[in-house]
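Have a look at the structure below before the remarks.
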Amino acid sequence: MGEQSFVVRVWGQVQGVGFRYFTRERALQLGLRGHAYNLEDGSVEILIAGPEQKVQMMLGWLEHGPRTATVTKMECTRALPPTGSGFHTN
């Protein structure tokens, strides 16, 4: 198993409901690197990188997000891994 990196974009009720906070906490629990940023159109962009199994677990979690959010659409594309360490939000 190698390392994977994805950029994920989620739409729905994902801003103002703690989505980025819970995403960061979940990513850190899994030992993933990346970021979660609010975008101007109301969606959230998440970059995740780490061991394949952990990234796949995170992708499954992002399909639904935390209980406070409602994810209506998710797009996922392979990406270059982040250059830094940790997991950041804006």
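Just remember, in the structure tokens the first chain shown is A, the second B, etc., residues are 1-based per chain, and ligands are 1-based in the order shown.
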
I'd like the contact shell of segment 83-89 of chain A - 6 Å cut-off, only C-alpha atoms, skipping same-chain residues fewer than 6 positions apart - returned as a PyMOL selection string.
chain A and resi 33-37

Write the residues of the selection above to a file with all heavy atoms, as a PDB file, in the first residue's frame.
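Generated file (part03.pdb):
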ATOM      1  N   ARG A  33      -2.423  14.440   6.063  1.00  0.00           N
ATOM      2  CA  ARG A  33      -1.970  15.814   5.844  1.00  0.00           C
ATOM      3  C   ARG A  33      -2.895  16.484   4.839  1.00  0.00           C
ATOM      4  O   ARG A  33      -3.551  15.808   4.046  1.00  0.00           O
ATOM      5  CB  ARG A  33      -0.544  15.813   5.273  1.00  0.00           C
ATOM      6  CG  ARG A  33       0.460  15.150   6.158  1.00  0.00           C
ATOM      7  CD  ARG A  33       1.873  15.172   5.583  1.00  0.00           C
ATOM      8  NE  ARG A  33       2.004  15.029   4.138  1.00  0.00           N
ATOM      9  CZ  ARG A  33       1.936  13.883   3.463  1.00  0.00           C
ATOM     10  NH1 ARG A  33       1.689  12.768   4.111  1.00  0.00           N
ATOM     11  NH2 ARG A  33       2.098  13.855   2.153  1.00  0.00           N
ATOM     12  N   GLY A  34      -2.910  17.831   4.863  1.00  0.00           N
ATOM     13  CA  GLY A  34      -3.686  18.548   3.863  1.00  0.00           C
ATOM     14  C   GLY A  34      -4.317  19.801   4.400  1.00  0.00           C
ATOM     15  O   GLY A  34      -3.796  20.449   5.312  1.00  0.00           O
ATOM     16  N   HIS A  35      -5.480  20.127   3.833  1.00  0.00           N
ATOM     17  CA  HIS A  35      -6.197  21.337   4.251  1.00  0.00           C
ATOM     18  C   HIS A  35      -7.684  21.213   3.946  1.00  0.00           C
ATOM     19  O   HIS A  35      -8.094  20.351   3.179  1.00  0.00           O
ATOM     20  CB  HIS A  35      -5.625  22.583   3.557  1.00  0.00           C
ATOM     21  CG  HIS A  35      -5.852  22.620   2.075  1.00  0.00           C
ATOM     22  ND1 HIS A  35      -4.840  22.572   1.166  1.00  0.00           N
ATOM     23  CD2 HIS A  35      -6.993  22.719   1.336  1.00  0.00           C
ATOM     24  CE1 HIS A  35      -5.331  22.641  -0.060  1.00  0.00           C
ATOM     25  NE2 HIS A  35      -6.637  22.726   0.024  1.00  0.00           N
ATOM     26  N   ALA A  36      -8.461  22.104   4.552  1.00  0.00           N
ATOM     27  CA  ALA A  36      -9.890  22.254   4.254  1.00  0.00           C
ATOM     28  C   ALA A  36     -10.166  23.741   4.199  1.00  0.00           C
ATOM     29  O   ALA A  36      -9.945  24.452   5.181  1.00  0.00           O
ATOM     30  CB  ALA A  36     -10.753  21.581   5.326  1.00  0.00           C
ATOM     31  N   TYR A  37     -10.616  24.215   3.041  1.00  0.00           N
ATOM     32  CA  TYR A  37     -10.841  25.643   2.823  1.00  0.00           C
ATOM     33  C   TYR A  37     -12.258  25.899   2.351  1.00  0.00           C
ATOM     34  O   TYR A  37     -12.769  25.181   1.468  1.00  0.00           O
ATOM     35  CB  TYR A  37      -9.893  26.202   1.761  1.00  0.00           C
ATOM     36  CG  TYR A  37      -8.431  26.168   2.121  1.00  0.00           C
ATOM     37  CD1 TYR A  37      -7.470  26.120   1.129  1.00  0.00           C
ATOM     38  CD2 TYR A  37      -7.997  26.192   3.443  1.00  0.00           C
ATOM     39  CE1 TYR A  37      -6.121  26.102   1.438  1.00  0.00           C
ATOM     40  CE2 TYR A  37      -6.644  26.172   3.759  1.00  0.00           C
ATOM     41  CZ  TYR A  37      -5.715  26.134   2.749  1.00  0.00           C
ATOM     42  OH  TYR A  37      -4.376  26.116   3.060  1.00  0.00           O
TER      43      TYR A  37
END

Hey, what's within 9 Å of Thr68 of chain A if we count only C-alpha atoms and toss same-chain stuff fewer than 5 positions away? As JSON, numbers by chain, please?
{"A": [13, 14, 17, 18, 19]}

Write the selection just made, keeping N, CA and C atoms, as a PDB file, in the first residue's frame?
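The result, written out as out17.pdb:
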ATOM      1  N   GLN A  13     -24.889  21.896   2.639  1.00  0.00           N
ATOM      2  CA  GLN A  13     -24.809  22.730   3.842  1.00  0.00           C
ATOM      3  C   GLN A  13     -23.496  22.365   4.530  1.00  0.00           C
ATOM      4  N   VAL A  14     -22.402  22.982   4.039  1.00  0.00           N
ATOM      5  CA  VAL A  14     -21.071  22.618   4.500  1.00  0.00           C
ATOM      6  C   VAL A  14     -20.267  23.813   5.021  1.00  0.00           C
ATOM      7  N   VAL A  17     -21.196  25.247   9.654  1.00  0.00           N
ATOM      8  CA  VAL A  17     -21.734  24.132  10.451  1.00  0.00           C
ATOM      9  C   VAL A  17     -20.616  23.293  11.087  1.00  0.00           C
ATOM     10  N   GLY A  18     -19.388  23.813  11.089  1.00  0.00           N
ATOM     11  CA  GLY A  18     -18.272  23.093  11.689  1.00  0.00           C
ATOM     12  C   GLY A  18     -17.639  22.055  10.790  1.00  0.00           C
ATOM     13  N   PHE A  19     -17.973  22.070   9.515  1.00  0.00           N
ATOM     14  CA  PHE A  19     -17.473  21.054   8.588  1.00  0.00           C
ATOM     15  C   PHE A  19     -15.946  21.024   8.554  1.00  0.00           C
TER      16      PHE A  19
END

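Taking atom CA of Ile46 of chain A and atom CA of Thr72 of chain A as the two end points, the separation is 15.4 Å.
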
Taking the backbone alone, and naming residues the way the document does, which bits of chain A are strand (DSSP E or B) by DSSP, as a ChimeraX atom specification?
/A:3-13,33-38,44-51,70-78,87-89

To one decimal place in Å, what is the distance between atom CA of Phe22 of chain A and atom CA of His64 of chain A?
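Going from atom CA of Phe22 of chain A over to atom CA of His64 of chain A covers 11.7 Å.
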
List every residue of chain A that DSSP, applied to the backbone of this structure, places in alpha helix (DSSP H), and write the result as an MDAnalysis selection string.
chainID A and resid 19:30 52:62

So, with only C-alpha atoms as the atoms that count, which of A:Gly2, A:Gly60, A:Gly65, A:Pro82 lies closest to Leu47 of chain A?
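Looking only at the distances to Leu47 of chain A, the closest residue turns out to be A:Pro82.
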
Which residue, A:Ser5, A:Lys54, A:Asn90, A:Arg67, has the smallest gap to Arg20 of chain A when you use only C-alpha atoms?
A:Asn90

Smallest atom-to-atom distance to Glu3 of chain A: which of A:Thr77, A:Gln15, A:Gln29, A:Gln56, using only C-alpha atoms?
A:Gln56
